[in-house]
Amino acid sequence: MTITVRGAEKRYVSRGREVRALDNVDLDIAAGEFVAFVGPSGCGKSTLLNMVAGILPLTGGTIRHDGVAVSGINRAVGYMTQVDSVLPWHTVFENVELPLKFRGVPAAERKSRVDAMLARVNLTGFESSFPAELSGGMRKRVALAQVLVYDPGTLLMDEPFGALDAQLKLLMQAELLAIWQATGKTVVFVTHDLSEAVTLASRVIVFSGRPGRIKAIETVPLAYPRDPFKVRFLPEFEACYAKLWAALAPEIAKGEAV
Amino acid sequence: MSAHADEAAAIGGGKTAAVAAWDAEQSARRRLILVGRIVVGVALVAFWEYASGRMIDKLFVSSPSAVSLRLWRWLGDGSLWNHLSITLYATALGFIIGSLVGFVMGLLFGRYRTIADIFDPYITALYSIPKIALAPLFIIWFGIGIESKVAVSASIVFFVVFLNTYAGVRDVNPIYIHATRIMGGNEYHVLRHVMIPSAASWVITGLKVSVPYALVGTVIGEFMSSNRGIGFIIAQATGLFDTTSVFAGLVILGVVGAVINVGLRHAESWLLRWKAQD
């Protein structure tokens, strides 16, 4: 198992009241799996992802990644969020180079690896551009290059394409699937968009509203390679979507009623 | 992959007719502004010259011609540079010391909240004291030489830069910090690649605001007690009702302030070149 979650729990105090963001979650994610977390806002799906990344400490239970208990920042993963984590004051090249610099890779090797990675995400020629000079899709590809360049075995993605328009989103999904299939990395992908989850993931995990628990786990019966532009018109897609929606809908309604 | 090529073409690109027209419009506007500025300047000086002796007693306002002559004489006999150099030197020293200490303490306080919370009431109390009120004390401590002027301007600059740096560091998006650490960055990398550049626009604003303050601090110090400097000239001339020299001193201060500001604006646009241009 790449990720093993046992009894994971997150409580915090807000305005004098104890909030349980995540309650007793058990989960196993195998190497090379593409797992999507879906659920209503505040269900703890991002919380769990951030705990795997080591950004948030657990208040109970354990998380092991590659056999090592996560305590503090987890440098064995790649982390990508909806907010651009690309640093706006560095150029495209510098941004992609940063993780290699931090990890002590020699300059000559850095140059060739960054060049290769920029070519991989079609950004050759934009090395000296600043992120603000790029389109939203290009910035996402810089972020993708930045997490892929140091070759982490696991990618943790928190609604990475959330801010993109619908067409661009499909394009980025296709690119992510291609990269995933070529590299065999483990991907954990948080989204509130159920069709995005079914399009991409081999397994979808539905979280319940607060306190966050796992409500349903569904294996997506669609073979790879998948084409994000076409896969949603397949009958298997519809059936899987309907099953997950049946689990998800009452949770969203519950959140709305509060 | 043609989508990528199109995307690239839409952003990069050659100079089209529309771009040329826009450029022409902009340069016409710039010319208009320049001409307008010259007209306003000439009109103000001409009015001053006209009013002097006709509408207001020359004793109070002197006149542009008398002021220019005075400046010319100072330039010729070397006294201009003699006084200006000492004022600039004290200003620069006060600015450098005040902003360095302010920047380092701003970073420290921004990074370690507990330290900031402990010192908060004392910083606030010190900040509330008008720095001018410290000038006599600094003269007792450091004498009437350059040191007391440096101390006055450094004490003013310190607070401006400190408060801006502090606010800037507090304003850093935590996502950047987390992402940088996951990428493998240590505490130094976070400081160097996230905190400082992110706080840069705040810090630069602080530096920009504090340069004129450094000049003010120095001149105030010179007013109170000194034997050289532009502030000394103005104070001495005031005592002698020599308004021509007072105005000449003020003109020098105005020009110095303007020159420094232009330099700062260039430095700022280079340092913040990563920000999207409007």
# chains A, B, ... in the order shown; residues from 1 in each chain; ligands from 1

$ interface_residues --of "chain B" --to "chain A" --cutoff "7 Å" --atoms "only C-alpha atoms" --output "CSV table (one decimal) with C-alpha atoms, in the first residue's frame"
chain,number,residue,atom,x,y,z
B,175,ILE,CA,-0.2,27.9,0.3
B,176,TYR,CA,3.1,29.1,-1.0
B,178,HIS,CA,3.3,24.7,2.3
B,179,ALA,CA,4.0,24.0,-1.4
B,181,ARG,CA,8.3,23.0,1.9
B,182,ILE,CA,6.7,20.0,0.2
B,183,MET,CA,8.9,20.7,-2.8
B,184,GLY,CA,11.9,20.3,-0.4
B,185,GLY,CA,12.5,23.8,0.7
B,197,PRO,CA,9.6,38.3,-2.5
B,274,TRP,CA,6.9,39.9,-12.2
B,275,LYS,CA,3.6,41.7,-11.5
B,276,ALA,CA,1.1,41.8,-14.3

$ residues_around --residues "Val262 (chain B)" --least-positions-apart "6" --cutoff "12 Å" --atoms "only C-alpha atoms" --output "mmCIF file with all heavy atoms, in the first residue's frame"
data_model
loop_
_atom_site.group_PDB
_atom_site.id
_atom_site.type_symbol
_atom_site.label_atom_id
_atom_site.label_comp_id
_atom_site.auth_asym_id
_atom_site.auth_seq_id
_atom_site.Cartn_x
_atom_site.Cartn_y
_atom_site.Cartn_z
ATOM 1 N N LYS B 208 9.934 53.414 -0.122
ATOM 2 C CA LYS B 208 9.620 54.594 -0.929
ATOM 3 C C LYS B 208 9.108 55.723 -0.053
ATOM 4 O O LYS B 208 9.516 56.866 -0.194
ATOM 5 C CB LYS B 208 8.553 54.222 -1.975
ATOM 6 C CG LYS B 208 8.929 54.630 -3.371
ATOM 7 C CD LYS B 208 8.008 54.043 -4.406
ATOM 8 C CE LYS B 208 6.616 54.587 -4.346
ATOM 9 N NZ LYS B 208 5.799 54.101 -5.471
ATOM 10 N N VAL B 211 12.051 57.327 2.298
ATOM 11 C CA VAL B 211 13.166 58.149 1.809
ATOM 12 C C VAL B 211 12.927 59.635 2.091
ATOM 13 O O VAL B 211 13.787 60.294 2.678
ATOM 14 C CB VAL B 211 13.447 57.913 0.319
ATOM 15 C CG1 VAL B 211 14.407 58.950 -0.213
ATOM 16 C CG2 VAL B 211 14.040 56.526 0.118
ATOM 17 N N VAL B 255 14.282 69.561 -5.078
ATOM 18 C CA VAL B 255 14.927 68.883 -6.212
ATOM 19 C C VAL B 255 15.506 67.540 -5.776
ATOM 20 O O VAL B 255 15.317 66.515 -6.446
ATOM 21 C CB VAL B 255 16.037 69.781 -6.825
ATOM 22 C CG1 VAL B 255 16.876 68.995 -7.825
ATOM 23 C CG2 VAL B 255 15.410 70.997 -7.487
ATOM 24 N N VAL B 256 16.184 67.535 -4.627
ATOM 25 C CA VAL B 256 16.760 66.280 -4.127
ATOM 26 C C VAL B 256 15.661 65.230 -3.931
ATOM 27 O O VAL B 256 15.782 64.083 -4.372
ATOM 28 C CB VAL B 256 17.512 66.527 -2.793
ATOM 29 C CG1 VAL B 256 17.849 65.212 -2.112
ATOM 30 C CG2 VAL B 256 18.774 67.330 -3.051
ATOM 31 N N GLU B 268 11.730 50.201 -8.201
ATOM 32 C CA GLU B 268 10.512 49.454 -7.900
ATOM 33 C C GLU B 268 10.016 48.670 -9.110
ATOM 34 O O GLU B 268 9.687 47.493 -9.011
ATOM 35 C CB GLU B 268 9.414 50.417 -7.431
ATOM 36 C CG GLU B 268 8.112 49.726 -7.087
ATOM 37 C CD GLU B 268 7.009 50.709 -6.739
ATOM 38 O OE1 GLU B 268 7.080 51.873 -7.191
ATOM 39 O OE2 GLU B 268 6.082 50.303 -6.026
ATOM 40 N N SER B 269 9.987 49.315 -10.266
ATOM 41 C CA SER B 269 9.425 48.614 -11.415
ATOM 42 C C SER B 269 10.331 47.461 -11.851
ATOM 43 O O SER B 269 9.858 46.473 -12.394
ATOM 44 C CB SER B 269 9.154 49.576 -12.582
ATOM 45 O OG SER B 269 10.351 50.161 -13.005
#

$ residues_around --residues "Met195 (chain B)" --least-positions-apart "3" --cutoff "10 Å" --atoms "only C-alpha atoms" --output "PyMOL selection string"
chain B and resi 107+110-111+165+168-174+176-177+188-192+198-200

$ write_last_selection --atoms "N, CA, C and O atoms" --output "PDB file, in the first residue's frame"
ATOM      1  N   LEU B 107      10.750  41.042   9.477  1.00  0.00           N
ATOM      2  CA  LEU B 107      10.765  39.623   9.098  1.00  0.00           C
ATOM      3  C   LEU B 107      10.614  38.736  10.332  1.00  0.00           C
ATOM      4  O   LEU B 107       9.816  37.800  10.355  1.00  0.00           O
ATOM      5  N   GLY B 110       7.168  39.047  11.863  1.00  0.00           N
ATOM      6  CA  GLY B 110       6.162  38.457  10.985  1.00  0.00           C
ATOM      7  C   GLY B 110       6.197  36.938  11.036  1.00  0.00           C
ATOM      8  O   GLY B 110       5.181  36.266  10.911  1.00  0.00           O
ATOM      9  N   ARG B 111       7.405  36.387  11.229  1.00  0.00           N
ATOM     10  CA  ARG B 111       7.569  34.933  11.203  1.00  0.00           C
ATOM     11  C   ARG B 111       7.206  34.331  12.563  1.00  0.00           C
ATOM     12  O   ARG B 111       6.676  33.240  12.629  1.00  0.00           O
ATOM     13  N   THR B 165       7.150  45.830   6.467  1.00  0.00           N
ATOM     14  CA  THR B 165       7.694  44.482   6.316  1.00  0.00           C
ATOM     15  C   THR B 165       6.856  43.490   7.116  1.00  0.00           C
ATOM     16  O   THR B 165       6.500  42.408   6.635  1.00  0.00           O
ATOM     17  N   GLY B 168       3.697  42.860   5.417  1.00  0.00           N
ATOM     18  CA  GLY B 168       3.947  42.089   4.204  1.00  0.00           C
ATOM     19  C   GLY B 168       4.159  40.613   4.501  1.00  0.00           C
ATOM     20  O   GLY B 168       3.624  39.753   3.814  1.00  0.00           O
ATOM     21  N   VAL B 169       4.921  40.325   5.539  1.00  0.00           N
ATOM     22  CA  VAL B 169       5.191  38.924   5.886  1.00  0.00           C
ATOM     23  C   VAL B 169       3.914  38.247   6.377  1.00  0.00           C
ATOM     24  O   VAL B 169       3.645  37.085   6.061  1.00  0.00           O
ATOM     25  N   ARG B 170       3.105  38.990   7.134  1.00  0.00           N
ATOM     26  CA  ARG B 170       1.835  38.426   7.617  1.00  0.00           C
ATOM     27  C   ARG B 170       0.878  38.144   6.473  1.00  0.00           C
ATOM     28  O   ARG B 170      -0.023  37.317   6.586  1.00  0.00           O
ATOM     29  N   ASP B 171       1.080  38.838   5.366  1.00  0.00           N
ATOM     30  CA  ASP B 171       0.173  38.780   4.221  1.00  0.00           C
ATOM     31  C   ASP B 171       0.502  37.612   3.281  1.00  0.00           C
ATOM     32  O   ASP B 171      -0.223  37.335   2.352  1.00  0.00           O
ATOM     33  N   VAL B 172       1.616  36.912   3.535  1.00  0.00           N
ATOM     34  CA  VAL B 172       2.045  35.827   2.639  1.00  0.00           C
ATOM     35  C   VAL B 172       1.003  34.716   2.608  1.00  0.00           C
ATOM     36  O   VAL B 172       0.507  34.288   3.651  1.00  0.00           O
ATOM     37  N   ASN B 173       0.668  34.263   1.424  1.00  0.00           N
ATOM     38  CA  ASN B 173      -0.291  33.172   1.266  1.00  0.00           C
ATOM     39  C   ASN B 173       0.321  31.872   1.798  1.00  0.00           C
ATOM     40  O   ASN B 173       1.342  31.416   1.300  1.00  0.00           O
ATOM     41  N   PRO B 174      -0.315  31.245   2.817  1.00  0.00           N
ATOM     42  CA  PRO B 174       0.287  30.040   3.404  1.00  0.00           C
ATOM     43  C   PRO B 174       0.445  28.891   2.399  1.00  0.00           C
ATOM     44  O   PRO B 174       1.305  28.033   2.583  1.00  0.00           O
ATOM     45  N   TYR B 176       1.745  29.048  -0.475  1.00  0.00           N
ATOM     46  CA  TYR B 176       3.104  29.131  -1.020  1.00  0.00           C
ATOM     47  C   TYR B 176       4.113  28.486  -0.074  1.00  0.00           C
ATOM     48  O   TYR B 176       5.049  27.818  -0.492  1.00  0.00           O
ATOM     49  N   ILE B 177       3.909  28.736   1.216  1.00  0.00           N
ATOM     50  CA  ILE B 177       4.842  28.201   2.207  1.00  0.00           C
ATOM     51  C   ILE B 177       4.757  26.674   2.227  1.00  0.00           C
ATOM     52  O   ILE B 177       5.770  25.979   2.147  1.00  0.00           O
ATOM     53  N   TYR B 188      15.276  28.456   5.331  1.00  0.00           N
ATOM     54  CA  TYR B 188      15.951  29.509   4.575  1.00  0.00           C
ATOM     55  C   TYR B 188      15.321  29.677   3.190  1.00  0.00           C
ATOM     56  O   TYR B 188      15.093  30.797   2.723  1.00  0.00           O
ATOM     57  N   HIS B 189      15.031  28.562   2.526  1.00  0.00           N
ATOM     58  CA  HIS B 189      14.412  28.632   1.198  1.00  0.00           C
ATOM     59  C   HIS B 189      13.052  29.332   1.253  1.00  0.00           C
ATOM     60  O   HIS B 189      12.701  30.100   0.360  1.00  0.00           O
ATOM     61  N   VAL B 190      12.287  29.016   2.310  1.00  0.00           N
ATOM     62  CA  VAL B 190      10.970  29.651   2.459  1.00  0.00           C
ATOM     63  C   VAL B 190      11.135  31.163   2.587  1.00  0.00           C
ATOM     64  O   VAL B 190      10.429  31.944   1.955  1.00  0.00           O
ATOM     65  N   LEU B 191      12.136  31.562   3.388  1.00  0.00           N
ATOM     66  CA  LEU B 191      12.399  32.990   3.577  1.00  0.00           C
ATOM     67  C   LEU B 191      12.813  33.644   2.254  1.00  0.00           C
ATOM     68  O   LEU B 191      12.283  34.672   1.843  1.00  0.00           O
ATOM     69  N   ARG B 192      13.749  32.988   1.574  1.00  0.00           N
ATOM     70  CA  ARG B 192      14.366  33.555   0.375  1.00  0.00           C
ATOM     71  C   ARG B 192      13.415  33.538  -0.833  1.00  0.00           C
ATOM     72  O   ARG B 192      13.398  34.469  -1.628  1.00  0.00           O
ATOM     73  N   SER B 198       7.400  37.846  -1.526  1.00  0.00           N
ATOM     74  CA  SER B 198       5.979  38.115  -1.344  1.00  0.00           C
ATOM     75  C   SER B 198       5.773  39.432  -0.600  1.00  0.00           C
ATOM     76  O   SER B 198       4.858  40.192  -0.904  1.00  0.00           O
ATOM     77  N   ALA B 199       6.639  39.678   0.370  1.00  0.00           N
ATOM     78  CA  ALA B 199       6.518  40.920   1.149  1.00  0.00           C
ATOM     79  C   ALA B 199       7.102  42.111   0.393  1.00  0.00           C
ATOM     80  O   ALA B 199       6.948  43.248   0.817  1.00  0.00           O
ATOM     81  N   ALA B 200       7.770  41.828  -0.755  1.00  0.00           N
ATOM     82  CA  ALA B 200       8.539  42.876  -1.437  1.00  0.00           C
ATOM     83  C   ALA B 200       7.716  44.114  -1.760  1.00  0.00           C
ATOM     84  O   ALA B 200       8.184  45.230  -1.559  1.00  0.00           O
TER      85      ALA B 200
END

$ atom_distance --atom1 "CA of Ala197 (chain A)" --atom2 "CA of Val38 (chain A)"
7.3 Å

$ select_by_dssp --residues "region 38-245 of chain A" --states "strand (DSSP E)" --output "PyMOL selection string"
chain A and resi 38+60-65+68-69+77-81+154-158+186-190+203-207+214-219

$ write_last_selection --atoms "N, CA, C and O atoms" --output "tab-separated table (two decimals), in the first residue's frame"
chain	number	residue	atom	x	y	z
A	38	VAL	N	-14.64	12.76	-3.26
A	38	VAL	CA	-15.71	13.73	-3.49
A	38	VAL	C	-16.55	13.86	-2.23
A	38	VAL	O	-16.56	12.96	-1.38
A	60	GLY	N	-5.87	12.35	15.85
A	60	GLY	CA	-6.01	10.95	16.26
A	60	GLY	C	-5.77	10.05	15.07
A	60	GLY	O	-5.95	10.46	13.93
A	61	GLY	N	-5.33	8.81	15.32
A	61	GLY	CA	-5.11	7.87	14.24
A	61	GLY	C	-3.74	8.04	13.60
A	61	GLY	O	-2.92	8.83	14.08
A	62	THR	N	-3.50	7.28	12.53
A	62	THR	CA	-2.20	7.35	11.85
A	62	THR	C	-2.38	7.37	10.34
A	62	THR	O	-3.38	6.87	9.82
A	63	ILE	N	-1.41	7.97	9.66
A	63	ILE	CA	-1.34	7.90	8.21
A	63	ILE	C	0.07	7.45	7.86
A	63	ILE	O	1.05	8.02	8.35
A	64	ARG	N	0.17	6.41	7.06
A	64	ARG	CA	1.49	5.98	6.59
A	64	ARG	C	1.56	6.18	5.09
A	64	ARG	O	0.60	5.89	4.36
A	65	HIS	N	2.68	6.72	4.64
A	65	HIS	CA	2.90	6.90	3.20
A	65	HIS	C	4.19	6.20	2.84
A	65	HIS	O	5.23	6.47	3.45
A	68	VAL	N	6.03	4.86	5.77
A	68	VAL	CA	6.56	5.77	6.79
A	68	VAL	C	5.39	6.56	7.38
A	68	VAL	O	4.56	7.08	6.64
A	69	ALA	N	5.33	6.64	8.70
A	69	ALA	CA	4.28	7.42	9.34
A	69	ALA	C	4.49	8.90	9.03
A	69	ALA	O	5.60	9.41	9.17
A	77	VAL	N	5.89	13.56	-1.68
A	77	VAL	CA	4.73	13.73	-2.55
A	77	VAL	C	4.87	14.99	-3.40
A	77	VAL	O	5.71	15.84	-3.14
A	78	GLY	N	4.04	15.06	-4.42
A	78	GLY	CA	3.86	16.31	-5.17
A	78	GLY	C	2.50	16.86	-4.77
A	78	GLY	O	1.55	16.11	-4.62
A	79	TYR	N	2.41	18.18	-4.59
A	79	TYR	CA	1.19	18.78	-4.05
A	79	TYR	C	0.76	19.93	-4.94
A	79	TYR	O	1.55	20.79	-5.29
A	80	MET	N	-0.49	19.88	-5.35
A	80	MET	CA	-0.99	20.90	-6.29
A	80	MET	C	-2.39	21.31	-5.86
A	80	MET	O	-3.23	20.45	-5.56
A	81	THR	N	-2.64	22.62	-5.79
A	81	THR	CA	-3.95	23.08	-5.32
A	81	THR	C	-4.64	23.94	-6.38
A	81	THR	O	-4.07	24.24	-7.42
A	154	THR	N	3.89	9.94	-5.52
A	154	THR	CA	2.49	10.22	-5.24
A	154	THR	C	2.18	11.67	-5.56
A	154	THR	O	2.95	12.56	-5.19
A	155	LEU	N	1.06	11.90	-6.24
A	155	LEU	CA	0.60	13.28	-6.48
A	155	LEU	C	-0.66	13.52	-5.66
A	155	LEU	O	-1.62	12.76	-5.75
A	156	LEU	N	-0.64	14.60	-4.86
A	156	LEU	CA	-1.82	14.99	-4.10
A	156	LEU	C	-2.37	16.25	-4.75
A	156	LEU	O	-1.68	17.26	-4.84
A	157	MET	N	-3.61	16.16	-5.23
A	157	MET	CA	-4.15	17.30	-5.98
A	157	MET	C	-5.47	17.73	-5.38
A	157	MET	O	-6.39	16.94	-5.25
A	158	ASP	N	-5.54	19.02	-4.99
A	158	ASP	CA	-6.74	19.56	-4.35
A	158	ASP	C	-7.47	20.48	-5.32
A	158	ASP	O	-7.11	21.64	-5.45
A	186	THR	N	0.93	7.26	-8.18
A	186	THR	CA	-0.29	7.20	-7.40
A	186	THR	C	-0.87	8.63	-7.35
A	186	THR	O	-0.13	9.56	-7.06
A	187	VAL	N	-2.16	8.76	-7.66
A	187	VAL	CA	-2.76	10.10	-7.63
A	187	VAL	C	-3.94	10.11	-6.67
A	187	VAL	O	-4.79	9.23	-6.71
A	188	VAL	N	-3.96	11.09	-5.78
A	188	VAL	CA	-5.14	11.35	-4.95
A	188	VAL	C	-5.67	12.72	-5.37
A	188	VAL	O	-4.95	13.70	-5.34
A	189	PHE	N	-6.92	12.73	-5.79
A	189	PHE	CA	-7.47	13.90	-6.48
A	189	PHE	C	-8.76	14.33	-5.77
A	189	PHE	O	-9.76	13.62	-5.80
A	190	VAL	N	-8.73	15.48	-5.14
A	190	VAL	CA	-9.91	16.00	-4.44
A	190	VAL	C	-10.71	16.86	-5.41
A	190	VAL	O	-10.14	17.71	-6.10
A	203	ARG	N	-10.95	4.75	-8.74
A	203	ARG	CA	-11.79	4.51	-7.56
A	203	ARG	C	-12.25	5.86	-7.01
A	203	ARG	O	-11.44	6.78	-6.90
A	204	VAL	N	-13.53	5.97	-6.71
A	204	VAL	CA	-14.08	7.22	-6.18
A	204	VAL	C	-14.53	6.99	-4.75
A	204	VAL	O	-15.20	5.99	-4.44
A	205	ILE	N	-14.15	7.91	-3.86
A	205	ILE	CA	-14.50	7.79	-2.45
A	205	ILE	C	-15.41	8.96	-2.08
A	205	ILE	O	-15.05	10.12	-2.27
A	206	VAL	N	-16.61	8.63	-1.60
A	206	VAL	CA	-17.59	9.66	-1.26
A	206	VAL	C	-17.52	9.92	0.24
A	206	VAL	O	-17.61	8.99	1.04
A	207	PHE	N	-17.33	11.19	0.62
A	207	PHE	CA	-17.31	11.58	2.02
A	207	PHE	C	-18.68	12.10	2.43
A	207	PHE	O	-19.38	12.72	1.63
A	214	ILE	N	-16.11	8.30	5.58
A	214	ILE	CA	-16.26	7.72	4.24
A	214	ILE	C	-17.63	7.08	4.15
A	214	ILE	O	-18.01	6.25	4.97
A	215	LYS	N	-18.41	7.52	3.15
A	215	LYS	CA	-19.77	7.01	3.04
A	215	LYS	C	-19.85	5.89	2.02
A	215	LYS	O	-20.58	4.93	2.20
A	216	ALA	N	-19.14	6.02	0.91
A	216	ALA	CA	-19.21	5.01	-0.15
A	216	ALA	C	-17.90	4.96	-0.90
A	216	ALA	O	-17.20	5.96	-1.02
A	217	ILE	N	-17.53	3.76	-1.37
A	217	ILE	CA	-16.35	3.60	-2.22
A	217	ILE	C	-16.79	2.87	-3.47
A	217	ILE	O	-17.45	1.84	-3.38
A	218	GLU	N	-16.50	3.41	-4.62
A	218	GLU	CA	-16.97	2.83	-5.88
A	218	GLU	C	-15.81	2.68	-6.85
A	218	GLU	O	-15.06	3.64	-7.07
A	219	THR	N	-15.64	1.48	-7.42
A	219	THR	CA	-14.64	1.31	-8.46
A	219	THR	C	-15.28	1.69	-9.80
A	219	THR	O	-16.40	1.27	-10.09

$ select_by_dssp --residues "region 3-190 of chain A" --states "helix (DSSP H, G or I)" --output "PyMOL selection string"
chain A and resi 45-52+92-102+107-120+131-133+136-148+166-183

$ residues_around --residues "region 83-87 of chain B" --least-positions-apart "6" --cutoff "6 Å" --atoms "only C-alpha atoms" --output "VMD selection string"
chain B and resid 228 to 230

$ atom_distance --atom1 "CA of Leu118 (chain A)" --atom2 "CA of Ala145 (chain A)"
6.6 Å

$ residues_around --residues "Arg226 (chain A)" --least-positions-apart "3" --cutoff "12 Å" --atoms "only C-alpha atoms" --output "PyMOL selection string"
chain A and resi 170+173-178+180-181+198-202+220-223+229-234+237

$ residues_around --residues "Ala249 (chain A)" --least-positions-apart "6" --cutoff "12 Å" --atoms "only C-alpha atoms" --output "tab-separated table (two decimals) with all heavy atoms, in the first residue's frame"
chain	number	residue	atom	x	y	z
A	38	VAL	N	-14.64	12.76	-3.26
A	38	VAL	CA	-15.71	13.73	-3.49
A	38	VAL	C	-16.55	13.86	-2.23
A	38	VAL	O	-16.56	12.96	-1.38
A	38	VAL	CB	-16.63	13.33	-4.69
A	38	VAL	CG1	-15.87	13.37	-5.99
A	38	VAL	CG2	-17.26	11.98	-4.46
A	39	GLY	N	-17.27	14.97	-2.13
A	39	GLY	CA	-18.11	15.19	-0.96
A	39	GLY	C	-18.51	16.64	-0.88
A	39	GLY	O	-17.95	17.47	-1.60
A	40	PRO	N	-19.49	16.96	-0.03
A	40	PRO	CA	-19.92	18.36	0.11
A	40	PRO	C	-18.80	19.21	0.73
A	40	PRO	O	-17.86	18.66	1.30
A	40	PRO	CB	-21.11	18.27	1.05
A	40	PRO	CG	-20.94	17.00	1.79
A	40	PRO	CD	-20.22	16.07	0.88
A	192	HIS	N	-14.99	18.59	-6.14
A	192	HIS	CA	-16.40	18.61	-5.79
A	192	HIS	C	-17.23	18.26	-7.02
A	192	HIS	O	-18.45	18.18	-6.96
A	192	HIS	CB	-16.80	19.98	-5.23
A	192	HIS	CG	-16.62	21.08	-6.22
A	192	HIS	ND1	-15.50	21.87	-6.26
A	192	HIS	CD2	-17.39	21.48	-7.25
A	192	HIS	CE1	-15.60	22.72	-7.25
A	192	HIS	NE2	-16.73	22.50	-7.89
A	194	LEU	N	-18.42	15.65	-9.48
A	194	LEU	CA	-18.55	14.20	-9.55
A	194	LEU	C	-18.17	13.66	-10.93
A	194	LEU	O	-17.52	12.61	-11.05
A	194	LEU	CB	-20.00	13.80	-9.20
A	194	LEU	CG	-20.27	12.32	-8.99
A	194	LEU	CD1	-19.28	11.72	-8.00
A	194	LEU	CD2	-21.69	12.11	-8.51
A	206	VAL	N	-16.61	8.63	-1.60
A	206	VAL	CA	-17.59	9.66	-1.26
A	206	VAL	C	-17.52	9.92	0.24
A	206	VAL	O	-17.61	8.99	1.04
A	206	VAL	CB	-19.02	9.23	-1.65
A	206	VAL	CG1	-20.02	10.32	-1.28
A	206	VAL	CG2	-19.09	8.91	-3.13
A	207	PHE	N	-17.33	11.19	0.62
A	207	PHE	CA	-17.31	11.58	2.02
A	207	PHE	C	-18.68	12.10	2.43
A	207	PHE	O	-19.38	12.72	1.63
A	207	PHE	CB	-16.26	12.66	2.27
A	207	PHE	CG	-14.85	12.16	2.31
A	207	PHE	CD1	-14.22	11.76	1.14
A	207	PHE	CD2	-14.17	12.05	3.51
A	207	PHE	CE1	-12.92	11.28	1.16
A	207	PHE	CE2	-12.87	11.57	3.55
A	207	PHE	CZ	-12.24	11.18	2.37
A	208	SER	N	-19.05	11.86	3.69
A	208	SER	CA	-20.32	12.40	4.19
A	208	SER	C	-20.05	13.80	4.74
A	208	SER	O	-18.92	14.17	5.00
A	208	SER	CB	-20.86	11.50	5.29
A	208	SER	OG	-20.02	11.59	6.42
A	209	GLY	N	-21.13	14.56	4.94
A	209	GLY	CA	-21.01	15.89	5.52
A	209	GLY	C	-20.50	15.78	6.96
A	209	GLY	O	-20.33	14.68	7.49
A	215	LYS	N	-18.41	7.52	3.15
A	215	LYS	CA	-19.77	7.01	3.04
A	215	LYS	C	-19.85	5.89	2.02
A	215	LYS	O	-20.58	4.93	2.20
A	215	LYS	CB	-20.71	8.14	2.64
A	215	LYS	CG	-22.15	7.67	2.66
A	215	LYS	CD	-23.11	8.78	2.38
A	215	LYS	CE	-24.54	8.24	2.51
A	215	LYS	NZ	-25.51	9.17	1.98
A	241	TYR	N	-21.97	7.06	-12.39
A	241	TYR	CA	-22.29	8.41	-11.92
A	241	TYR	C	-23.56	8.38	-11.06
A	241	TYR	O	-23.61	8.97	-9.98
A	241	TYR	CB	-22.47	9.34	-13.12
A	241	TYR	CG	-22.66	10.80	-12.76
A	241	TYR	CD1	-21.58	11.68	-12.79
A	241	TYR	CD2	-23.90	11.29	-12.39
A	241	TYR	CE1	-21.74	13.02	-12.46
A	241	TYR	CE2	-24.07	12.63	-12.05
A	241	TYR	CZ	-22.99	13.49	-12.09
A	241	TYR	OH	-23.15	14.80	-11.76
A	242	ALA	N	-24.58	7.66	-11.57
A	242	ALA	CA	-25.87	7.60	-10.86
A	242	ALA	C	-25.70	6.98	-9.48
A	242	ALA	O	-26.26	7.45	-8.50
A	242	ALA	CB	-26.87	6.80	-11.70
A	243	LYS	N	-24.91	5.90	-9.42
A	243	LYS	CA	-24.69	5.21	-8.14
A	243	LYS	C	-24.03	6.15	-7.13
A	243	LYS	O	-24.44	6.23	-5.97
A	243	LYS	CB	-23.81	3.98	-8.38
A	243	LYS	CG	-24.45	2.69	-7.86
A	243	LYS	CD	-23.43	1.59	-7.77
A	243	LYS	CE	-23.46	0.71	-9.02
A	243	LYS	NZ	-22.42	-0.34	-8.98
A	255	GLY	N	-26.09	19.42	4.00
A	255	GLY	CA	-25.29	20.63	4.18
A	255	GLY	C	-26.10	21.88	3.91
A	255	GLY	O	-25.96	22.88	4.60
A	256	GLU	N	-26.97	21.79	2.91
A	256	GLU	CA	-27.78	22.96	2.53
A	256	GLU	C	-28.79	23.31	3.61
A	256	GLU	O	-29.15	24.46	3.81
A	256	GLU	CB	-28.51	22.69	1.21
A	256	GLU	CG	-27.61	22.74	0.00
A	256	GLU	CD	-26.93	24.09	-0.15
A	256	GLU	OE1	-27.63	25.11	-0.16
A	256	GLU	OE2	-25.69	24.11	-0.23

$ atom_distance --atom1 "CA of Met1 (chain A)" --atom2 "CA of Ile29 (chain A)"
5.9 Å

$ residues_around --residues "region 131-142 of chain B" --least-positions-apart "4" --cutoff "12 Å" --atoms "only C-alpha atoms" --output "number ranges by chain"
B: 125-127, 146-160, 213-214, 216-226

$ closest_residue --among "B:Leu34, B:Ile234, B:Val161, B:Ile204" --to "Leu100 (chain B)" --atoms "only C-alpha atoms"
B:Val161
